[in-house]
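S.K.: So here's upload.cif (mmCIF, C-alpha atoms and all ligand atoms).
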data_input
#
loop_
_atom_site.label_atom_id
_atom_site.label_comp_id
_atom_site.auth_asym_id
_atom_site.auth_seq_id
_atom_site.Cartn_x
_atom_site.Cartn_y
_atom_site.Cartn_z
CA MET F 1 2.72 -50.21 -49.49
CA SER F 2 3.53 -52.73 -46.81
CA VAL F 3 6.85 -52.29 -45.02
CA CYS F 4 9.50 -54.87 -45.94
CA SER F 5 12.38 -56.04 -43.78
CA LEU F 6 15.38 -53.77 -43.28
CA ASP F 7 17.45 -56.05 -45.54
CA ASP F 8 15.10 -55.34 -48.43
CA TYR F 9 15.72 -51.60 -48.00
CA LEU F 10 19.46 -52.04 -47.73
CA ALA F 11 19.53 -53.74 -51.14
CA LEU F 12 18.15 -50.59 -52.82
CA PRO F 13 20.12 -47.53 -53.99
CA ASP F 14 20.23 -44.35 -51.86
CA HIS F 15 18.34 -42.10 -54.28
CA SER F 16 15.41 -44.50 -54.53
CA MET F 17 14.63 -43.65 -50.89
CA ASP F 18 14.00 -39.93 -51.43
CA GLU F 19 10.42 -40.11 -52.55
CA ARG F 20 9.57 -42.80 -50.02
CA ILE F 21 10.96 -40.69 -47.19
CA ASP F 22 9.03 -37.64 -48.42
CA GLN F 23 5.80 -39.64 -48.69
CA ALA F 24 6.21 -41.18 -45.24
CA ARG F 25 6.95 -37.77 -43.74
CA MET F 26 3.81 -36.35 -45.32
CA ARG F 27 1.71 -39.17 -43.94
CA LEU F 28 3.19 -38.83 -40.47
CA GLY F 29 2.74 -35.05 -40.42
CA LYS F 30 3.23 -33.36 -37.08
CA THR F 31 3.33 -36.64 -35.14
CA THR F 32 6.97 -37.01 -36.09
CA ILE F 33 9.96 -34.74 -35.81
CA LEU F 34 13.28 -35.50 -37.45
CA LEU F 35 16.43 -34.22 -35.74
CA GLY F 36 19.73 -34.24 -37.64
CA HIS F 37 23.22 -33.74 -36.27
CA HIS F 38 25.62 -31.72 -38.43
CA TYR F 39 27.80 -34.79 -39.09
CA GLN F 40 25.01 -36.64 -40.87
CA ARG F 41 25.48 -37.28 -44.54
CA ASP F 42 23.69 -35.04 -47.05
CA GLU F 43 21.29 -37.77 -48.21
CA VAL F 44 19.91 -37.90 -44.66
CA ILE F 45 20.25 -34.43 -43.18
CA ARG F 46 18.27 -32.85 -46.00
CA PHE F 47 15.11 -34.37 -44.46
CA ALA F 48 15.70 -32.99 -40.95
CA ASP F 49 13.23 -30.55 -39.37
CA PHE F 50 16.01 -29.34 -37.09
CA THR F 51 19.75 -29.52 -37.54
CA GLY F 52 22.25 -28.59 -34.88
CA ASP F 53 25.00 -29.44 -32.45
CA SER F 54 24.35 -31.66 -29.44
CA TYR F 55 23.16 -28.76 -27.29
CA LYS F 56 20.71 -27.37 -29.82
CA LEU F 57 19.30 -30.79 -30.65
CA SER F 58 18.78 -31.70 -27.00
CA LYS F 59 16.87 -28.43 -26.54
CA ALA F 60 14.75 -29.22 -29.60
CA ALA F 61 14.05 -32.69 -28.21
CA ALA F 62 13.06 -31.22 -24.85
CA GLU F 63 10.68 -28.70 -26.45
CA THR F 64 8.89 -30.68 -29.17
CA ASP F 65 5.33 -31.97 -28.82
CA ALA F 66 5.80 -34.61 -31.53
CA LYS F 67 4.93 -38.15 -30.54
CA TYR F 68 7.91 -39.63 -32.41
CA ILE F 69 11.39 -38.15 -32.31
CA VAL F 70 13.49 -39.70 -35.07
CA PHE F 71 17.11 -38.94 -34.18
CA CYS F 72 19.58 -38.92 -37.05
CA GLY F 73 22.67 -38.84 -34.88
CA VAL F 74 24.32 -41.29 -32.52
CA HIS F 75 23.19 -43.40 -29.58
CA PHE F 76 24.05 -41.02 -26.72
CA MET F 77 22.09 -38.23 -28.43
CA ALA F 78 19.00 -40.41 -28.82
CA GLU F 79 19.31 -41.54 -25.19
CA SER F 80 19.46 -37.92 -24.05
CA ALA F 81 16.39 -37.11 -26.15
CA ASP F 82 14.54 -39.97 -24.45
CA VAL F 83 15.58 -38.73 -21.00
CA LEU F 84 14.31 -35.24 -21.87
CA SER F 85 11.11 -36.45 -23.55
CA ARG F 86 7.65 -36.34 -22.04
CA ASP F 87 5.25 -39.21 -21.34
CA GLY F 88 3.93 -40.68 -24.56
CA GLN F 89 6.86 -39.55 -26.70
CA GLN F 90 9.12 -42.15 -28.28
CA VAL F 91 12.66 -41.75 -29.60
CA ILE F 92 13.91 -43.71 -32.60
CA LEU F 93 17.51 -44.19 -33.75
CA PRO F 94 17.29 -45.45 -37.36
CA ASP F 95 20.38 -47.67 -36.96
CA LEU F 96 21.14 -49.03 -33.50
CA ASN F 97 24.79 -49.47 -34.50
CA ALA F 98 25.26 -45.71 -34.63
CA GLY F 99 27.31 -45.38 -31.44
CA CYS F 100 30.22 -43.13 -30.48
CA SER F 101 33.69 -44.57 -29.93
CA MET F 102 34.53 -41.80 -27.47
CA ALA F 103 31.42 -42.48 -25.36
CA ASP F 104 32.44 -46.16 -25.31
CA MET F 105 35.76 -45.23 -23.67
CA ALA F 106 34.01 -44.76 -20.32
CA GLU F 107 32.01 -47.64 -18.88
CA ILE F 108 29.82 -46.95 -15.88
CA THR F 109 31.61 -49.63 -13.83
CA GLN F 110 34.98 -48.00 -14.55
CA VAL F 111 33.57 -44.62 -13.52
CA GLU F 112 32.26 -46.14 -10.29
CA ASP F 113 35.71 -47.62 -9.62
CA CYS F 114 37.26 -44.21 -10.17
CA TRP F 115 34.83 -42.62 -7.72
CA ASP F 116 35.52 -45.33 -5.13
CA ALA F 117 39.22 -44.55 -5.47
CA LEU F 118 38.53 -40.83 -4.96
CA GLU F 119 36.51 -41.74 -1.88
CA ARG F 120 39.33 -43.88 -0.50
CA VAL F 121 41.75 -40.96 -0.72
CA GLY F 122 39.14 -38.63 0.80
CA LEU F 123 38.61 -36.46 -2.29
CA ALA F 124 35.17 -37.47 -3.60
CA SER F 125 33.24 -35.07 -1.37
CA GLU F 126 35.10 -32.09 -2.83
CA THR F 127 34.94 -33.32 -6.45
CA ILE F 128 32.13 -32.55 -8.91
CA PRO F 129 31.61 -35.16 -11.64
CA LEU F 130 30.97 -33.53 -15.00
CA THR F 131 30.33 -35.53 -18.12
CA TYR F 132 30.41 -34.49 -21.73
CA MET F 133 27.18 -35.20 -23.56
CA ASN F 134 29.09 -37.96 -25.40
CA SER F 135 28.55 -40.55 -22.66
CA SER F 136 25.99 -43.17 -21.71
CA ALA F 137 22.80 -42.25 -19.83
CA ALA F 138 24.13 -44.30 -16.90
CA ILE F 139 27.14 -41.98 -16.61
CA LYS F 140 24.94 -38.92 -16.87
CA ALA F 141 22.82 -40.33 -14.05
CA PHE F 142 25.96 -41.04 -12.02
CA CYS F 143 26.92 -37.36 -12.32
CA GLY F 144 23.41 -36.09 -11.55
CA GLU F 145 23.16 -38.19 -8.39
CA ARG F 146 26.50 -36.89 -7.08
CA GLY F 147 25.74 -33.20 -7.53
CA GLY F 148 27.24 -32.99 -11.01
CA LEU F 149 26.00 -32.30 -14.49
CA VAL F 150 26.35 -32.75 -18.24
CA CYS F 151 27.85 -30.30 -20.72
CA THR F 152 28.34 -30.08 -24.46
CA SER F 153 31.20 -28.46 -26.30
CA SER F 154 29.15 -25.28 -26.53
CA ASN F 155 28.65 -24.77 -22.80
CA ALA F 156 31.62 -26.60 -21.26
CA ARG F 157 33.05 -23.39 -19.81
CA GLY F 158 29.76 -22.48 -18.13
CA ALA F 159 29.56 -26.01 -16.74
CA PHE F 160 33.12 -25.75 -15.34
CA GLU F 161 32.19 -22.46 -13.65
CA TRP F 162 29.03 -24.05 -12.24
CA ALA F 163 31.07 -26.96 -10.88
CA PHE F 164 33.83 -24.81 -9.34
CA LYS F 165 31.20 -22.89 -7.38
CA ARG F 166 30.29 -26.20 -5.74
CA GLY F 167 33.54 -28.10 -5.42
CA LYS F 168 37.34 -27.82 -5.46
CA ARG F 169 37.91 -30.23 -8.32
CA ILE F 170 36.17 -31.61 -11.42
CA LEU F 171 36.18 -35.20 -12.61
CA PHE F 172 35.69 -34.68 -16.35
CA LEU F 173 34.36 -37.58 -18.45
CA PRO F 174 35.14 -38.94 -21.03
CA ASP F 175 36.98 -36.53 -23.39
CA GLN F 176 40.36 -35.48 -22.05
CA HIS F 177 40.79 -32.94 -24.85
CA LEU F 178 37.59 -30.97 -24.30
CA GLY F 179 38.31 -31.00 -20.57
CA ARG F 180 41.90 -29.84 -20.98
CA ASN F 181 41.07 -27.18 -23.56
CA THR F 182 38.28 -25.81 -21.41
CA GLY F 183 40.28 -25.84 -18.17
CA TYR F 184 43.29 -24.18 -19.78
CA ALA F 185 41.16 -21.44 -21.34
CA MET F 186 39.95 -20.69 -17.80
CA GLY F 187 43.50 -20.30 -16.54
CA ILE F 188 44.04 -23.72 -14.98
CA PRO F 189 47.69 -24.75 -15.53
CA LEU F 190 48.30 -28.05 -17.34
CA GLU F 191 50.07 -29.47 -14.24
CA GLU F 192 46.83 -29.15 -12.30
CA MET F 193 44.95 -31.30 -14.82
CA VAL F 194 45.82 -34.97 -14.44
CA VAL F 195 44.73 -37.85 -16.66
CA TRP F 196 42.87 -40.79 -15.14
CA ASP F 197 43.64 -44.00 -17.00
CA PRO F 198 40.74 -46.40 -16.34
CA TRP F 199 43.07 -49.33 -17.05
CA GLY F 200 45.75 -48.24 -14.55
CA LEU F 201 46.00 -48.89 -10.82
CA GLN F 202 44.28 -45.91 -9.11
CA GLY F 203 44.00 -44.40 -12.59
CA GLY F 204 47.81 -44.46 -12.84
CA LEU F 205 47.94 -41.51 -10.40
CA THR F 206 49.40 -40.95 -6.97
CA ARG F 207 47.35 -39.75 -4.05
CA GLN F 208 49.37 -36.52 -4.05
CA SER F 209 48.78 -35.75 -7.73
CA LEU F 210 45.05 -36.32 -7.27
CA THR F 211 45.00 -34.09 -4.19
CA ASP F 212 46.89 -31.32 -6.00
CA SER F 213 44.69 -31.48 -9.11
CA LYS F 214 41.88 -29.14 -10.10
CA VAL F 215 40.67 -31.32 -12.96
CA VAL F 216 40.85 -35.10 -13.28
CA LEU F 217 40.54 -35.82 -17.00
CA TRP F 218 39.26 -39.19 -18.14
CA LYS F 219 41.55 -40.83 -20.69
CA GLY F 220 39.14 -40.72 -23.62
CA HIS F 221 39.25 -39.10 -27.03
CA CYS F 222 37.52 -38.85 -30.39
CA ALA F 223 39.33 -40.75 -33.14
CA VAL F 224 38.00 -38.34 -35.77
CA HIS F 225 39.35 -35.20 -34.08
CA GLN F 226 42.52 -36.75 -32.69
CA ARG F 227 43.77 -37.12 -36.28
CA PHE F 228 44.30 -33.38 -36.62
CA LEU F 229 47.90 -32.45 -35.77
CA PRO F 230 49.73 -29.17 -35.06
CA SER F 231 51.71 -29.77 -38.28
CA HIS F 232 48.46 -29.55 -40.25
CA VAL F 233 47.93 -26.05 -38.89
CA ASP F 234 51.49 -25.07 -39.87
CA GLN F 235 51.04 -26.53 -43.35
CA VAL F 236 47.79 -24.73 -44.19
CA ARG F 237 49.17 -21.45 -42.83
CA ALA F 238 52.30 -21.80 -44.96
CA ARG F 239 50.29 -22.64 -48.05
CA TYR F 240 47.47 -20.10 -47.62
CA PRO F 241 48.74 -16.99 -45.80
CA GLY F 242 45.94 -15.29 -43.87
CA ILE F 243 43.81 -18.45 -43.61
CA GLN F 244 41.70 -18.78 -40.45
CA VAL F 245 42.01 -22.10 -38.65
CA ILE F 246 38.91 -23.10 -36.70
CA VAL F 247 38.60 -26.42 -34.90
CA HIS F 248 36.31 -28.42 -32.67
CA PRO F 249 37.48 -28.51 -29.00
CA GLU F 250 37.68 -32.32 -29.19
CA CYS F 251 40.95 -31.70 -31.06
CA ARG F 252 44.17 -32.15 -29.09
CA PHE F 253 45.50 -29.29 -26.98
CA GLU F 254 48.44 -28.46 -29.29
CA VAL F 255 46.08 -28.06 -32.25
CA CYS F 256 43.62 -25.92 -30.29
CA GLN F 257 46.45 -23.70 -29.08
CA LYS F 258 47.51 -22.99 -32.64
CA ALA F 259 43.97 -22.44 -33.97
CA ASP F 260 42.37 -19.01 -34.38
CA ALA F 261 39.11 -20.16 -32.78
CA LEU F 262 37.41 -23.22 -31.29
CA GLY F 263 33.78 -24.14 -31.36
CA SER F 264 31.02 -26.70 -31.34
CA THR F 265 29.72 -27.72 -34.76
CA GLU F 266 27.07 -25.01 -34.59
CA ARG F 267 29.61 -22.37 -33.61
CA LEU F 268 32.04 -23.37 -36.37
CA ILE F 269 29.25 -22.67 -38.86
CA ALA F 270 28.44 -19.36 -37.15
CA LEU F 271 32.11 -18.30 -37.24
CA VAL F 272 32.19 -18.68 -41.02
CA ASP F 273 28.78 -17.11 -41.42
CA GLN F 274 29.87 -13.99 -39.53
CA ALA F 275 33.23 -13.61 -41.32
CA PRO F 276 33.76 -11.00 -44.03
CA VAL F 277 33.35 -12.03 -47.67
CA GLY F 278 36.56 -13.49 -49.07
CA THR F 279 37.78 -15.08 -45.83
CA MET F 280 39.37 -18.50 -46.16
CA PHE F 281 39.06 -21.17 -43.47
CA ALA F 282 40.66 -24.51 -42.64
CA VAL F 283 38.18 -26.41 -40.49
CA GLY F 284 39.17 -29.20 -38.11
CA THR F 285 36.11 -31.36 -37.73
CA GLU F 286 34.17 -34.18 -39.39
CA ILE F 287 34.35 -34.17 -43.17
CA HIS F 288 30.64 -34.21 -44.04
CA LEU F 289 30.15 -30.98 -42.17
CA VAL F 290 33.28 -29.42 -43.68
CA ASN F 291 32.17 -30.32 -47.22
CA ARG F 292 28.67 -28.98 -46.60
CA MET F 293 30.07 -25.73 -45.23
CA ALA F 294 32.36 -25.44 -48.26
CA ARG F 295 29.39 -25.70 -50.63
CA ARG F 296 27.13 -23.40 -48.62
CA PHE F 297 29.64 -20.60 -48.17
CA ALA F 298 31.23 -20.75 -51.63
CA ALA F 299 28.29 -18.69 -52.87
CA GLU F 300 29.34 -15.95 -50.40
CA GLY F 301 32.92 -15.96 -51.65
CA LYS F 302 34.25 -17.78 -48.56
CA LYS F 303 36.60 -20.66 -49.21
CA ILE F 304 36.66 -23.62 -46.85
CA ILE F 305 39.07 -26.55 -46.78
CA THR F 306 39.57 -29.40 -44.33
CA LEU F 307 42.45 -28.94 -41.91
CA ASP F 308 44.17 -32.17 -42.91
CA ASP F 309 44.33 -33.08 -46.55
CA THR F 310 42.21 -36.20 -46.35
CA GLY F 311 39.46 -35.26 -43.90
CA CYS F 312 38.02 -37.83 -41.56
CA LEU F 313 34.59 -39.37 -41.46
CA CYS F 314 32.67 -40.27 -38.30
CA THR F 315 31.87 -43.84 -39.28
CA THR F 316 29.18 -44.24 -36.64
CA MET F 317 27.29 -41.09 -37.69
CA TYR F 318 27.55 -42.45 -41.23
CA ARG F 319 25.65 -45.56 -40.25
CA ILE F 320 22.37 -43.67 -40.49
CA SER F 321 21.56 -44.24 -44.16
CA PRO F 322 18.58 -43.13 -46.25
CA GLN F 323 17.54 -46.80 -46.26
CA HIS F 324 17.47 -46.96 -42.44
CA LEU F 325 15.58 -43.69 -42.33
CA ALA F 326 12.99 -44.82 -44.89
CA TRP F 327 12.54 -48.11 -43.02
CA ALA F 328 12.04 -46.35 -39.66
CA LEU F 329 9.56 -43.83 -41.11
CA GLU F 330 7.56 -46.28 -43.23
CA SER F 331 7.32 -48.59 -40.21
CA LEU F 332 5.82 -45.70 -38.25
CA THR F 333 3.22 -45.10 -40.95
CA GLU F 334 2.09 -48.67 -40.27
CA GLY F 335 2.03 -48.07 -36.53
CA ARG F 336 5.24 -50.00 -35.85
CA VAL F 337 7.98 -48.38 -33.79
CA VAL F 338 11.38 -49.81 -34.73
CA ASN F 339 14.71 -49.14 -32.99
CA ARG F 340 13.19 -47.35 -30.04
CA ILE F 341 15.73 -45.97 -27.56
CA GLU F 342 14.42 -46.28 -24.04
CA VAL F 343 16.47 -45.39 -20.99
CA ARG F 344 15.64 -47.43 -17.89
CA PRO F 345 13.44 -45.50 -15.40
CA GLU F 346 15.94 -45.78 -12.53
CA VAL F 347 18.64 -44.23 -14.75
CA LYS F 348 16.30 -41.69 -16.28
CA HIS F 349 15.61 -39.74 -13.11
CA TRP F 350 19.19 -38.74 -12.28
CA ALA F 351 20.20 -38.41 -15.93
CA ARG F 352 17.37 -35.91 -16.27
CA VAL F 353 18.63 -33.97 -13.26
CA ALA F 354 22.10 -33.76 -14.86
CA LEU F 355 20.70 -32.77 -18.26
CA ASP F 356 18.34 -30.17 -16.79
CA ARG F 357 21.31 -28.60 -15.01
CA MET F 358 23.08 -28.47 -18.38
CA LEU F 359 20.14 -26.85 -20.14
CA GLU F 360 20.18 -24.05 -17.59
CA ILE F 361 23.71 -23.17 -18.69
CA LYS F 362 23.55 -21.12 -21.86
CA ALA F 363 25.55 -22.21 -24.91
P1 LIG S 1 28.75 -30.89 -31.14
O1 LIG S 1 27.99 -30.76 -29.85
O2 LIG S 1 29.70 -29.78 -31.37
O3 LIG S 1 27.78 -31.05 -32.28
O4 LIG S 1 29.67 -32.16 -31.07
C1 LIG S 1 29.20 -33.45 -30.99
C2 LIG S 1 30.23 -34.40 -31.39
O5 LIG S 1 30.08 -35.59 -31.24
C3 LIG S 1 31.48 -33.90 -31.94
O6 LIG S 1 32.30 -34.94 -32.25
FE1 LIG S 2 31.78 -39.63 -31.26
FE2 LIG S 2 33.88 -38.51 -32.48
FE3 LIG S 2 31.79 -39.35 -33.92
FE4 LIG S 2 31.59 -37.18 -32.36
S1 LIG S 2 32.87 -37.44 -34.16
S2 LIG S 2 30.10 -38.85 -32.52
S3 LIG S 2 32.90 -37.81 -30.62
S4 LIG S 2 33.21 -40.64 -32.67
#
Show me this structure written as structure tokens.
M.R.:
Amino acid sequence: MSVCSLDDYLALPDHSMDERIDQARMRLGKTTILLGHHYQRDEVIRFADFTGDSYKLSKAAAETDAKYIVFCGVHFMAESADVLSRDGQQVILPDLNAGCSMADMAEITQVEDCWDALERVGLASETIPLTYMNSSAAIKAFCGERGGLVCTSSNARGAFEWAFKRGKRILFLPDQHLGRNTGYAMGIPLEEMVVWDPWGLQGGLTRQSLTDSKVVLWKGHCAVHQRFLPSHVDQVRARYPGIQVIVHPECRFEVCQKADALGSTERLIALVDQAPVGTMFAVGTEIHLVNRMARRFAAEGKKIITLDDTGCLCTTMYRISPQHLAWALESLTEGRVVNRIEVRPEVKHWARVALDRMLEIKA
């Protein structure tokens, strides 16, 4: 069958893609690996060869021999896979609109301005730039070139320790919540973590507050996780005595403080997996993952609910549809690479340095 335009696929129902995806996968065989982030919808993730959090998927991307890496996730993940890939490998993001609103909260030019300001006040040389995986390749390269690194939510603490062996202060990009939660868990008082507002003059901070700080947190956040509030924790505890509250560290500080445990998507799953039969959990993360966990663990007598009563969707993760996936795979069977993600060579080198430093830090 000859591949039609993407619009032709988008006009068809989800379930009509299943067989086509299976067929295309069979034809592509080992040339193609499909990576799926835990927030992907069920109709897509069921086809993944590997599922995982950002750390696990970047390791899988770095280790595979497949010629084509089809990334069912968001743009920064596909970029990282390209940076970690070998010559001859190509990374495909089935829908180029699958971005990350948090990653978009830090532009490389804003980060450069911030660094210039730190240089002007004489602090850059003692500051290590550390970026969360959820950032552009340009920002990863920026960190790599200045002696810094990348982290994910599963190895943020290790990355902080790495950085504090090399500098007095961390500039943490772009998620203020992960940075604050990690710093506080290591014993850094809140007053020593200041927030850099990229829209403010000198980040909205005085020279003294920058000098006194141990962590400069970028003013970024995830809209999905920011929705969870401390009152949600109180409500589920009142309603279900004994319930365990587990949340992603992108949630705000007050929520993380009240929770029983924090973890990356992979760790949230592991926490439930390891719990005794009969345990009940309220999970503070993206709703597709929460619903999937609820179904999987119901069979083991573990009840899972979302921390707020509506549950929030990551709309950009959701952009990867079965139609986009079928189109990308069927195009490959005809030798056409669509939606390739290619990081510019000059960015790739230093981004790789920063990502390699991250991969050395265990999750
Ligand atoms: P994980 O690394 O925990 O999968 O998180 C990625 C992410 O984007 C969470 O919002
Ligand atoms: Fe980005 Fe938040 Fe979606 Fe994660 S859940 S990909 S941080 S917008």
S.K.: Would you kindly return, as JSON, numbers by chain, each protein, DNA or RNA residue with an atom no farther than 12 Å from any atom of Val353 (chain F), considering only C-alpha atoms and excluding same-chain residues fewer than 6 positions away?
M.R.: {"F": [80, 83, 84, 137, 140, 141, 142, 143, 144, 145, 146, 147, 148, 149, 150, 347, 359, 360]}
S.K.: Kindly give the distance, in Å, that separates CA of Arg227 (chain F) and CA of Val245 (chain F), rounded to a single decimal.
M.R.: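 Spanning CA of Arg227 (chain F) to CA of Val245 (chain F) is a straight-line distance of 15.3 Å.
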S.K.: Write out as a list in words the residues lying within 12 Å of Gly204 (chain F), counting only C-alpha atoms and excluding same-chain residues fewer than 2 positions away.
M.R.: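 Listing them by chain and then by number gives Cys114, Ala117, Val194, Val195, Trp196, Asp197, Pro198, Trp199, Gly200, Leu201, Gln202, Thr206, Arg207, Gln208, Ser209, Leu210, Val216, Trp218 and Lys219 of chain F.
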S.K.: Might you pull out every residue within 9 Å of Ile21 (chain F), with only C-alpha atoms counted and same-chain residues fewer than 6 positions away left off, and present them as a PDB file with C-alpha atoms, in the coordinates of the input?
M.R.:
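Listing of selection-v1.pdb after writing:
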ATOM      1  CA  PHE F  47      15.110 -34.370 -44.460  1.00  0.00           C
ATOM      2  CA  PRO F 322      18.580 -43.130 -46.250  1.00  0.00           C
ATOM      3  CA  LEU F 325      15.580 -43.690 -42.330  1.00  0.00           C
ATOM      4  CA  ALA F 326      12.990 -44.820 -44.890  1.00  0.00           C
ATOM      5  CA  TRP F 327      12.540 -48.110 -43.020  1.00  0.00           C
ATOM      6  CA  LEU F 329       9.560 -43.830 -41.110  1.00  0.00           C
ATOM      7  CA  GLU F 330       7.560 -46.280 -43.230  1.00  0.00           C
TER       8      GLU F 330
END
S.K.: Which polymer residues have any atom within 12 Å of an atom of Pro13 (chain F), counting all atoms listed in the file, with same-chain residues fewer than 2 positions away left out, as a VMD selection string?
M.R.: chain F and resid 8 to 11 15 to 18 43 321 to 324 326
S.K.: What would the file look like if the residues just selected were written as a short mmCIF file (atom, residue, chain, number, x, y, z; two decimals), in the coordinates of the input with C-alpha atoms?
M.R.:
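The file below, again38.cif, is the result:
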data_model
loop_
_atom_site.label_atom_id
_atom_site.label_comp_id
_atom_site.auth_asym_id
_atom_site.auth_seq_id
_atom_site.Cartn_x
_atom_site.Cartn_y
_atom_site.Cartn_z
CA ASP F 8 15.10 -55.34 -48.43
CA TYR F 9 15.72 -51.60 -48.00
CA LEU F 10 19.46 -52.04 -47.73
CA ALA F 11 19.53 -53.74 -51.14
CA HIS F 15 18.34 -42.10 -54.28
CA SER F 16 15.41 -44.50 -54.53
CA MET F 17 14.63 -43.65 -50.89
CA ASP F 18 14.00 -39.93 -51.43
CA GLU F 43 21.29 -37.77 -48.21
CA SER F 321 21.56 -44.24 -44.16
CA PRO F 322 18.58 -43.13 -46.25
CA GLN F 323 17.54 -46.80 -46.26
CA HIS F 324 17.47 -46.96 -42.44
CA ALA F 326 12.99 -44.82 -44.89
#
S.K.: Which protein, DNA or RNA residues have an atom within 8 Å of ligand LIG 2 (chain S), counting all atoms listed in the file, as a list in words?
M.R.: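 Residues lying within 8 Å of ligand LIG 2 (chain S): Tyr39, Gly73, Val74, Gly99, Cys100, Ser101, Met102, Ala103, Asn134, His221, Cys222, Ala223, Val224, His225, Glu250, Thr285, Glu286, Leu313, Cys314, Thr315, Thr316 and Met317 of chain F.
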S.K.: Let me have the centre and edge lengths of the axis-aligned box enclosing all listed atoms of ligand LIG 1 (chain S) with 4 Å padding on every side, in Å to one decimal, as JSON.
M.R.:
{"center_x": 30.0, "center_y": -32.7, "center_z": -31.1, "size_x": 12.5, "size_y": 13.8, "size_z": 10.4}
S.K.: Go through chain F residue by residue and, counting all atoms listed in the file, keep those with an atom at most 6 Å from ligand LIG 1 (chain S); for each kept residue give the shortest atom pair and its distance in Å to one decimal, ordered by chain and increasing number, as JSON lines.
M.R.:
{"residue": "F:Asp53", "atom": "CA", "partner": "S:LIG1", "partner_atom": "O3", "distance": 3.2}
{"residue": "F:Ser54", "atom": "CA", "partner": "S:LIG1", "partner_atom": "O1", "distance": 3.8}
{"residue": "F:Tyr55", "atom": "CA", "partner": "S:LIG1", "partner_atom": "O1", "distance": 5.8}
{"residue": "F:Thr152", "atom": "CA", "partner": "S:LIG1", "partner_atom": "O1", "distance": 5.4}
{"residue": "F:Ser153", "atom": "CA", "partner": "S:LIG1", "partner_atom": "O1", "distance": 5.3}
{"residue": "F:Ser264", "atom": "CA", "partner": "S:LIG1", "partner_atom": "O2", "distance": 3.4}
{"residue": "F:Thr265", "atom": "CA", "partner": "S:LIG1", "partner_atom": "O2", "distance": 4.0}
S.K.: Please write as a short mmCIF file (atom, residue, chain, number, x, y, z; two decimals) with C-alpha atoms, in the coordinates of the input the list of polymer residues whose atoms come within 9 Å of (43.1, -28.7, -7.4), counting all atoms listed in the file and keeping to the coordinates of the file.
M.R.:
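Result file follows (point22.cif):
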data_model
loop_
_atom_site.label_atom_id
_atom_site.label_comp_id
_atom_site.auth_asym_id
_atom_site.auth_seq_id
_atom_site.Cartn_x
_atom_site.Cartn_y
_atom_site.Cartn_z
CA LYS F 168 37.34 -27.82 -5.46
CA ARG F 169 37.91 -30.23 -8.32
CA ILE F 170 36.17 -31.61 -11.42
CA GLU F 192 46.83 -29.15 -12.30
CA MET F 193 44.95 -31.30 -14.82
CA LEU F 210 45.05 -36.32 -7.27
CA THR F 211 45.00 -34.09 -4.19
CA ASP F 212 46.89 -31.32 -6.00
CA SER F 213 44.69 -31.48 -9.11
CA LYS F 214 41.88 -29.14 -10.10
CA VAL F 215 40.67 -31.32 -12.96
CA VAL F 216 40.85 -35.10 -13.28
#
